[in-house]
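Visitor: Just coords.tsv, nothing more (TSV, C-alpha atoms and all ligand atoms):
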chain	number	residue	atom	x	y	z
Y	16	MET	CA	29.93	7.25	-56.29
Y	17	PRO	CA	33.22	5.48	-55.36
Y	18	VAL	CA	33.48	1.84	-56.41
Y	19	LEU	CA	35.33	-0.69	-54.23
Y	20	ASP	CA	38.57	-2.20	-55.49
Y	21	LEU	CA	37.25	-5.71	-56.10
Y	22	SER	CA	38.20	-8.04	-58.94
Y	23	PRO	CA	35.26	-9.48	-60.90
Y	24	ASP	CA	35.80	-12.83	-59.17
Y	25	GLU	CA	35.91	-11.21	-55.74
Y	26	LEU	CA	32.69	-9.34	-56.47
Y	27	LEU	CA	30.98	-12.51	-57.66
Y	28	THR	CA	32.12	-14.64	-54.73
Y	29	THR	CA	31.64	-12.19	-51.86
Y	30	THR	CA	28.21	-10.74	-52.58
Y	31	ARG	CA	26.45	-12.32	-49.62
Y	32	SER	CA	22.91	-12.20	-48.30
Y	33	LEU	CA	23.27	-9.50	-45.66
Y	34	ARG	CA	20.89	-8.99	-42.77
Y	35	ARG	CA	22.59	-8.21	-39.45
Y	36	ARG	CA	25.36	-6.31	-41.24
Y	37	LEU	CA	23.00	-3.85	-42.93
Y	38	ASP	CA	23.58	-0.40	-41.42
Y	39	CYS	CA	20.02	0.87	-41.20
Y	40	SER	CA	21.13	4.12	-39.54
Y	41	ARG	CA	23.01	5.37	-42.61
Y	42	PRO	CA	20.97	7.03	-45.36
Y	43	VAL	CA	21.41	5.82	-48.94
Y	44	GLU	CA	21.64	8.47	-51.65
Y	45	PRO	CA	18.96	8.08	-54.38
Y	46	GLU	CA	21.73	8.59	-56.95
Y	47	VAL	CA	23.59	5.41	-55.97
Y	48	ILE	CA	20.39	3.38	-56.35
Y	49	ARG	CA	19.89	4.91	-59.81
Y	50	GLN	CA	23.47	3.99	-60.78
Y	51	CYS	CA	22.97	0.38	-59.71
Y	52	LEU	CA	19.70	0.18	-61.63
Y	53	GLU	CA	21.34	1.66	-64.75
Y	54	ILE	CA	23.83	-1.20	-64.54
Y	55	ALA	CA	21.03	-3.71	-63.98
Y	56	LEU	CA	19.47	-2.59	-67.28
Y	57	GLN	CA	22.44	-4.14	-69.10
Y	58	ALA	CA	21.19	-7.63	-68.18
Y	59	PRO	CA	19.61	-9.76	-70.93
Y	60	THR	CA	15.86	-10.16	-71.45
Y	61	GLY	CA	13.98	-12.67	-73.59
Y	62	GLY	CA	13.53	-11.21	-77.08
Y	63	ASN	CA	15.13	-7.99	-75.75
Y	64	ARG	CA	11.63	-7.07	-74.58
Y	65	GLN	CA	12.85	-5.21	-71.48
Y	66	GLY	CA	9.50	-5.65	-69.77
Y	67	TRP	CA	11.08	-4.90	-66.41
Y	68	HIS	CA	10.20	-2.32	-63.78
Y	69	PHE	CA	11.90	-1.51	-60.49
Y	70	VAL	CA	9.82	-0.07	-57.68
Y	71	VAL	CA	12.10	1.72	-55.22
Y	72	VAL	CA	10.55	2.36	-51.83
Y	73	THR	CA	12.14	4.83	-49.41
Y	74	ASN	CA	8.96	6.31	-47.92
Y	75	ALA	CA	9.05	5.29	-44.24
Y	76	GLU	CA	5.33	4.59	-43.96
Y	77	LYS	CA	5.36	2.36	-47.05
Y	78	ARG	CA	8.44	0.51	-45.78
Y	79	ARG	CA	6.64	-0.03	-42.48
Y	80	SER	CA	3.66	-1.51	-44.35
Y	81	LEU	CA	5.95	-3.72	-46.45
Y	82	GLY	CA	7.71	-4.79	-43.25
Y	83	ASP	CA	4.34	-5.74	-41.74
Y	84	LEU	CA	3.47	-7.74	-44.89
Y	85	TYR	CA	6.86	-9.42	-44.80
Y	86	ARG	CA	6.45	-10.39	-41.15
Y	87	ARG	CA	2.99	-11.84	-41.84
Y	88	GLY	CA	4.57	-13.85	-44.67
Y	89	PHE	CA	7.40	-14.93	-42.39
Y	90	ASP	CA	4.88	-16.25	-39.85
Y	91	ILE	CA	3.52	-18.51	-42.61
Y	92	TYR	CA	6.98	-19.46	-43.88
Y	93	ARG	CA	8.29	-20.29	-40.40
Y	94	ASN	CA	5.54	-22.86	-39.93
Y	95	LEU	CA	5.76	-24.58	-43.33
Y	96	PRO	CA	6.77	-28.25	-43.01
Y	97	SER	CA	9.45	-27.67	-45.65
Y	98	THR	CA	10.94	-24.56	-44.06
Y	99	ALA	CA	14.70	-24.16	-43.90
Y	100	GLY	CA	14.78	-24.39	-40.10
Y	101	LYS	CA	13.48	-27.95	-40.30
Y	102	LEU	CA	15.69	-29.03	-43.17
Y	103	PHE	CA	18.62	-31.43	-42.80
Y	104	ALA	CA	17.28	-32.93	-39.57
Y	105	ASN	CA	19.58	-35.95	-40.17
Y	106	ASP	CA	22.71	-33.89	-40.83
Y	107	PRO	CA	23.75	-31.97	-37.67
Y	108	HIS	CA	26.37	-29.88	-39.52
Y	109	ARG	CA	23.98	-28.63	-42.19
Y	110	ALA	CA	21.15	-28.33	-39.68
Y	111	ALA	CA	23.33	-25.95	-37.64
Y	112	ILE	CA	24.04	-23.84	-40.74
Y	113	GLN	CA	20.34	-23.75	-41.58
Y	114	GLN	CA	19.54	-22.67	-38.03
Y	115	ARG	CA	21.97	-19.75	-38.42
Y	116	VAL	CA	20.30	-18.77	-41.71
Y	117	MET	CA	16.89	-18.93	-40.01
Y	118	ASP	CA	18.09	-16.81	-37.05
Y	119	SER	CA	19.50	-14.28	-39.49
Y	120	ALA	CA	16.27	-14.34	-41.52
Y	121	GLU	CA	14.24	-13.79	-38.33
Y	122	TYR	CA	16.43	-10.78	-37.59
Y	123	LEU	CA	15.80	-9.31	-41.04
Y	124	ALA	CA	12.07	-9.90	-40.68
Y	125	ALA	CA	12.03	-8.01	-37.38
Y	126	HIS	CA	13.99	-5.09	-38.88
Y	127	MET	CA	12.77	-5.03	-42.49
Y	128	HIS	CA	10.99	-1.68	-42.10
Y	129	GLU	CA	14.21	-0.07	-40.82
Y	130	VAL	CA	16.19	-0.90	-43.96
Y	131	PRO	CA	16.37	2.45	-45.79
Y	132	VAL	CA	15.67	1.21	-49.33
Y	133	HIS	CA	13.42	-1.58	-50.58
Y	134	VAL	CA	13.67	-2.46	-54.29
Y	135	ILE	CA	10.93	-4.58	-55.86
Y	136	PRO	CA	11.88	-5.84	-59.34
Y	137	CYS	CA	8.82	-6.51	-61.49
Y	138	ILE	CA	8.16	-7.99	-64.93
Y	139	ASN	CA	5.30	-7.34	-67.35
Y	140	GLY	CA	2.96	-10.33	-67.45
Y	141	ARG	CA	1.48	-12.91	-65.08
Y	142	PHE	CA	2.79	-16.47	-64.75
Y	143	GLU	CA	-0.35	-18.30	-63.64
Y	144	GLY	CA	-0.98	-21.28	-65.95
Y	145	LEU	CA	1.82	-20.51	-68.40
Y	146	PRO	CA	3.87	-23.35	-69.93
Y	147	ILE	CA	7.39	-23.75	-68.56
Y	148	MET	CA	8.96	-22.26	-71.68
Y	149	GLN	CA	7.12	-18.98	-71.15
Y	150	GLN	CA	7.64	-18.99	-67.39
Y	151	ALA	CA	11.38	-19.47	-67.91
Y	152	GLY	CA	11.38	-16.62	-70.39
Y	153	LEU	CA	9.68	-14.25	-67.96
Y	154	TRP	CA	11.64	-15.12	-64.81
Y	155	GLY	CA	14.81	-15.12	-66.89
Y	156	SER	CA	14.02	-11.60	-68.00
Y	157	ILE	CA	13.99	-10.11	-64.49
Y	158	LEU	CA	16.21	-12.28	-62.27
Y	159	PRO	CA	19.55	-11.57	-64.03
Y	160	ALA	CA	18.90	-7.82	-63.78
Y	161	THR	CA	18.04	-8.21	-60.12
Y	162	TRP	CA	21.32	-9.97	-59.39
Y	163	SER	CA	23.23	-7.36	-61.44
Y	164	PHE	CA	21.63	-4.69	-59.25
Y	165	MET	CA	22.80	-6.50	-56.11
Y	166	LEU	CA	26.34	-6.90	-57.50
Y	167	ALA	CA	26.50	-3.24	-58.49
Y	168	ALA	CA	25.29	-2.35	-55.00
Y	169	ARG	CA	27.99	-4.48	-53.36
Y	170	ALA	CA	30.60	-2.76	-55.54
Y	171	ARG	CA	29.46	0.55	-54.01
Y	172	GLY	CA	29.57	-0.57	-50.38
Y	173	LEU	CA	25.88	-1.45	-50.21
Y	174	GLY	CA	24.50	-4.75	-48.99
Y	175	SER	CA	21.27	-6.53	-49.79
Y	176	THR	CA	19.40	-9.83	-49.49
Y	177	TRP	CA	17.24	-11.51	-52.07
Y	178	THR	CA	13.85	-12.02	-50.43
Y	179	THR	CA	10.58	-13.45	-51.69
Y	180	ILE	CA	8.50	-13.82	-48.53
Y	181	HIS	CA	6.39	-10.69	-49.07
Y	182	LEU	CA	5.03	-12.48	-52.17
Y	183	PHE	CA	2.70	-14.46	-49.90
Y	184	PHE	CA	0.82	-11.16	-50.07
Y	185	GLU	CA	1.87	-9.96	-53.52
Y	186	GLN	CA	-1.53	-8.44	-54.27
Y	187	GLU	CA	-1.55	-6.42	-51.05
Y	188	ALA	CA	1.94	-5.13	-51.82
Y	189	ALA	CA	0.74	-4.22	-55.32
Y	190	GLU	CA	-2.17	-2.25	-53.86
Y	191	LEU	CA	0.14	-0.46	-51.42
Y	192	LEU	CA	2.48	0.62	-54.24
Y	193	ALA	CA	-0.07	1.03	-57.06
Y	194	ILE	CA	1.58	-1.79	-59.05
Y	195	PRO	CA	-0.92	-3.04	-61.71
Y	196	TYR	CA	-1.24	-6.55	-60.26
Y	197	THR	CA	-3.20	-8.12	-63.11
Y	198	GLU	CA	-0.51	-7.13	-65.65
Y	199	VAL	CA	2.75	-7.14	-63.69
Y	200	THR	CA	4.46	-9.77	-61.51
Y	201	GLN	CA	6.72	-8.88	-58.58
Y	202	ALA	CA	9.84	-11.05	-58.48
Y	203	ALA	CA	11.44	-10.20	-55.14
Y	204	LEU	CA	11.91	-7.58	-52.46
Y	205	ILE	CA	15.52	-6.47	-52.08
Y	206	PRO	CA	16.27	-4.53	-48.88
Y	207	VAL	CA	19.34	-2.33	-49.45
Y	208	ALA	CA	21.59	-0.44	-47.01
Y	209	TYR	CA	25.22	0.45	-46.56
Y	210	THR	CA	27.08	-2.37	-44.84
Y	211	LYS	CA	28.77	-2.54	-41.47
Y	212	GLY	CA	32.32	-3.19	-42.71
Y	213	LEU	CA	33.27	-3.99	-46.28
Y	214	ASN	CA	34.98	-7.35	-46.00
Y	215	PHE	CA	32.95	-10.39	-46.95
Y	216	THR	CA	34.11	-13.88	-47.78
Y	217	PRO	CA	32.98	-16.66	-50.09
Y	218	ALA	CA	30.37	-18.99	-48.58
Y	219	ALA	CA	30.74	-22.73	-48.02
Y	220	ARG	CA	28.93	-24.54	-50.82
Y	221	GLU	CA	28.38	-28.16	-51.69
Y	222	PRO	CA	31.20	-29.29	-53.99
Y	223	LEU	CA	30.89	-28.62	-57.71
Y	224	GLN	CA	31.52	-32.33	-58.30
Y	225	SER	CA	28.13	-33.14	-56.76
Y	226	LYS	CA	26.37	-30.66	-59.05
Y	227	LEU	CA	28.21	-30.97	-62.34
Y	228	HIS	CA	26.80	-33.09	-65.16
Y	229	TRP	CA	29.05	-32.90	-68.19
Y	230	ASP	CA	27.69	-34.29	-71.48
Y	231	GLY	CA	24.61	-35.59	-69.65
Y	232	TRP	CA	23.22	-36.00	-66.10
I	301	LIG	C1	15.02	-17.09	-54.71
I	301	LIG	C2	15.53	-16.71	-53.35
I	301	LIG	C3	14.62	-16.37	-52.35
I	301	LIG	C4	15.07	-15.98	-51.10
I	301	LIG	N1	14.17	-15.56	-50.17
I	301	LIG	C5	14.62	-15.09	-48.98
I	301	LIG	C6	13.71	-14.50	-48.06
I	301	LIG	O1	12.51	-14.36	-48.33
I	301	LIG	N2	14.20	-14.05	-46.88
I	301	LIG	C7	15.53	-14.13	-46.57
I	301	LIG	O2	15.91	-13.69	-45.46
I	301	LIG	N3	16.43	-14.68	-47.43
I	301	LIG	C8	16.00	-15.15	-48.62
I	301	LIG	N4	16.89	-15.63	-49.55
I	301	LIG	C9	18.34	-15.63	-49.22
I	301	LIG	C10	18.88	-17.02	-48.93
I	301	LIG	O3	18.43	-17.42	-47.66
I	301	LIG	C11	20.41	-16.95	-49.00
I	301	LIG	O4	20.78	-16.77	-50.33
I	301	LIG	C12	21.08	-18.15	-48.42
I	301	LIG	O5	20.95	-18.09	-47.03
I	301	LIG	C13	22.57	-18.24	-48.76
I	301	LIG	O6	23.25	-17.12	-48.29
I	301	LIG	P1	24.33	-16.41	-49.23
I	301	LIG	O7	23.52	-15.84	-50.35
I	301	LIG	O8	24.99	-15.33	-48.43
I	301	LIG	O9	25.27	-17.46	-49.67
I	301	LIG	C14	16.47	-15.99	-50.81
I	301	LIG	C15	17.38	-16.32	-51.82
I	301	LIG	C16	16.92	-16.66	-53.08
I	301	LIG	C17	17.92	-16.96	-54.15
For this file, write the structure as structure tokens.
Ligand SMILES: Cc1cc2nc3c(=O)[nH]c(=O)nc-3n(C[C@H](O)[C@H](O)[C@H](O)COP(=O)(O)O)c2cc1C

Guide:
Amino acid sequence: MPVLDLSPDELLTTTRSLRRRLDCSRPVEPEVIRQCLEIALQAPTGGNRQGWHFVVVTNAEKRRSLGDLYRRGFDIYRNLPSTAGKLFANDPHRAAIQQRVMDSAEYLAAHMHEVPVHVIPCINGRFEGLPIMQQAGLWGSILPATWSFMLAARARGLGSTWTTIHLFFEQEAAELLAIPYTEVTQAALIPVAYTKGLNFTPAAREPLQSKLHWDGW
């Protein structure tokens, strides 16, 4: 599978959350998904336990059901008092950016079932009631691999978005996909498709200076 000519820094700074620019009409070869997952397996895990699993969903009926779950979750999310669309009410510039993110997220919700590949990264274990140390160990053993997968996908002309909204109904998704819910936690749902165009740019971020705490907070 051809890999784009991107420097490591370009790859790291231009892997965006893609929604409207996912080309849902173009099929994705199973082999390219396998390649990206092989790369993801090079990520670290706590104690090298490698308790990860990746459920790849291409079956149209199952994607439709996941899309329905996602939309039900989005209906809840949209109405939460803390939801992104209501954030930054006192900062018109940031409020406008958040509104664009929400519009884009609404678009993805409406089209989720059309995205040709859904990847659900999972980790052995449940988090309920665990101390922070163990929670950090478990999340930290699946999230780096998930991001590696998304970077590897971008390098091959594929786009994706990290999503978590289907987790409002994690158990229903587990039943749909025969994931052993009592033993395994789903971390995300990553819709994947080839992109419309290949040029993406770094995003505006709050300045490092406001986030950096050197030798103490
Ligand atoms: C933990 C996490 C959960 C997210 N959940 C969702 C989601 O459920 N739906 C969605 O459309 N985007 C989701 N996003 C994507 C963010 O909205 C996105 O990263 C943000 O808009 C910034 O865009 P950028 O990644 O292109 O800079 C999530 C991102 C992260 C890291």

Visitor: Within 9 Å of ligand LIG 301 (chain I), counting only C-alpha atoms and all ligand atoms: which residues, as JSON, numbers by chain?

Guide: {"Y": [28, 29, 30, 31, 32, 33, 34, 85, 88, 89, 92, 99, 113, 115, 116, 117, 119, 120, 121, 122, 123, 124, 176, 177, 178, 179, 180, 181, 182, 202, 203, 204, 217, 218, 219, 220]}

Visitor: Considering only C-alpha atoms, can you say which of Y:Val199, Y:Ala193, Y:Gly62, Y:Gln114 comes closest to Glu143 in chain Y?

Guide: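 Comparing Y:Val199, Y:Ala193, Y:Gly62, Y:Gln114 against Glu143 in chain Y, the winner is Y:Val199.
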
Visitor: Would you be able to write out as number ranges by chain which residues have an atom within 12 Å of (23.6, -2.8, -40.8) in the file's coordinates, counting only C-alpha atoms?

Guide: Y: 33-42, 122-123, 126-127, 129-131, 172-176, 206-213

Visitor: For Leu27 in chain Y, which of Y:Arg86, Y:Arg141, Y:Arg169, Y:His228 is the closest residue, counting all atoms listed in the file?

Guide: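 Comparing Y:Arg86, Y:Arg141, Y:Arg169, Y:His228 against Leu27 in chain Y, the winner is Y:Arg169.
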
Visitor: Find the residues near Thr200 in chain Y: any atom within 12 Å, counting all atoms listed in the file, skip ones fewer than 2 places away on the same chain, and give them as a PDB file with C-alpha atoms, in the coordinates of the input.

Guide:
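Result written to around_36.pdb:
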ATOM      1  CA  GLY Y  66       9.500  -5.650 -69.770  1.00  0.00           C
ATOM      2  CA  TRP Y  67      11.080  -4.900 -66.410  1.00  0.00           C
ATOM      3  CA  HIS Y  68      10.200  -2.320 -63.780  1.00  0.00           C
ATOM      4  CA  PHE Y  69      11.900  -1.510 -60.490  1.00  0.00           C
ATOM      5  CA  VAL Y  70       9.820  -0.070 -57.680  1.00  0.00           C
ATOM      6  CA  ILE Y 135      10.930  -4.580 -55.860  1.00  0.00           C
ATOM      7  CA  PRO Y 136      11.880  -5.840 -59.340  1.00  0.00           C
ATOM      8  CA  CYS Y 137       8.820  -6.510 -61.490  1.00  0.00           C
ATOM      9  CA  ILE Y 138       8.160  -7.990 -64.930  1.00  0.00           C
ATOM     10  CA  ASN Y 139       5.300  -7.340 -67.350  1.00  0.00           C
ATOM     11  CA  GLY Y 140       2.960 -10.330 -67.450  1.00  0.00           C
ATOM     12  CA  ARG Y 141       1.480 -12.910 -65.080  1.00  0.00           C
ATOM     13  CA  PHE Y 142       2.790 -16.470 -64.750  1.00  0.00           C
ATOM     14  CA  GLU Y 143      -0.350 -18.300 -63.640  1.00  0.00           C
ATOM     15  CA  GLN Y 150       7.640 -18.990 -67.390  1.00  0.00           C
ATOM     16  CA  LEU Y 153       9.680 -14.250 -67.960  1.00  0.00           C
ATOM     17  CA  TRP Y 154      11.640 -15.120 -64.810  1.00  0.00           C
ATOM     18  CA  SER Y 156      14.020 -11.600 -68.000  1.00  0.00           C
ATOM     19  CA  ILE Y 157      13.990 -10.110 -64.490  1.00  0.00           C
ATOM     20  CA  LEU Y 182       5.030 -12.480 -52.170  1.00  0.00           C
ATOM     21  CA  GLU Y 185       1.870  -9.960 -53.520  1.00  0.00           C
ATOM     22  CA  GLN Y 186      -1.530  -8.440 -54.270  1.00  0.00           C
ATOM     23  CA  ALA Y 188       1.940  -5.130 -51.820  1.00  0.00           C
ATOM     24  CA  ALA Y 189       0.740  -4.220 -55.320  1.00  0.00           C
ATOM     25  CA  ILE Y 194       1.580  -1.790 -59.050  1.00  0.00           C
ATOM     26  CA  PRO Y 195      -0.920  -3.040 -61.710  1.00  0.00           C
ATOM     27  CA  TYR Y 196      -1.240  -6.550 -60.260  1.00  0.00           C
ATOM     28  CA  THR Y 197      -3.200  -8.120 -63.110  1.00  0.00           C
ATOM     29  CA  GLU Y 198      -0.510  -7.130 -65.650  1.00  0.00           C
ATOM     30  CA  ALA Y 202       9.840 -11.050 -58.480  1.00  0.00           C
ATOM     31  CA  ALA Y 203      11.440 -10.200 -55.140  1.00  0.00           C
ATOM     32  CA  LEU Y 204      11.910  -7.580 -52.460  1.00  0.00           C
TER      33      LEU Y 204
END

Visitor: Take CA of Ser97 in chain Y and CA of Trp162 in chain Y and report the distance between them in Å, one decimal.

Guide: 25.4 Å

Visitor: For a test of reading the model, state the distance in Å between CA of Gly61 in chain Y and CA of Gly155 in chain Y, rounded to one decimal.

Guide: 7.2 Å

Visitor: Which is closest to Ser22 in chain Y among Y:Ala170, Y:Leu191, Y:Ile147, Y:Ala58, if we use only C-alpha atoms?

Guide: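 Between Y:Ala170, Y:Leu191, Y:Ile147, Y:Ala58, the residue approaching Ser22 in chain Y most closely is Y:Ala170.
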
Visitor: With distances taken over all atoms listed in the file, which of Y:Thr98, Y:Thr161, Y:Gln201, Y:Thr216 is nearest to Glu187 in chain Y?

Guide: Y:Gln201

Visitor: Would you place a box with edges along x, y and z of the file around all atoms of range 39-50 of chain Y listed there, add 6 Å to each of its six sides, and report the centre and edge lengths in Å to one decimal, as lines of an AutoDock Vina configuration file?

Guide:
center_x = 21.3
center_y = 4.7
center_z = -50.2
size_x = 16.6
size_y = 19.7
size_z = 33.2

Visitor: Between CA of Glu46 in chain Y and CA of Glu25 in chain Y, what distance in Å does the model show, to one decimal?

Guide: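 For CA of Glu46 in chain Y relative to CA of Glu25 in chain Y, the distance reads 24.4 Å.
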
Visitor: Rank nothing, just name the residue among Y:Lys226, Y:Thr73, Y:Gly144, Y:Val132 nearest to Ala168 in chain Y, using only C-alpha atoms.

Guide: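 Closest to Ala168 in chain Y, using only C-alpha atoms: Y:Val132.
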
Visitor: Around (0.6, -7.6, -45.7) in the file's own coordinates, what residues are found within 6 Å if you use all atoms listed in the file, given back as a PDB file with C-alpha atoms, in the coordinates of the input?

Guide:
ATOM      1  CA  ASP Y  83       4.340  -5.740 -41.740  1.00  0.00           C
ATOM      2  CA  LEU Y  84       3.470  -7.740 -44.890  1.00  0.00           C
ATOM      3  CA  PHE Y 184       0.820 -11.160 -50.070  1.00  0.00           C
ATOM      4  CA  GLU Y 187      -1.550  -6.420 -51.050  1.00  0.00           C
TER       5      GLU Y 187
END
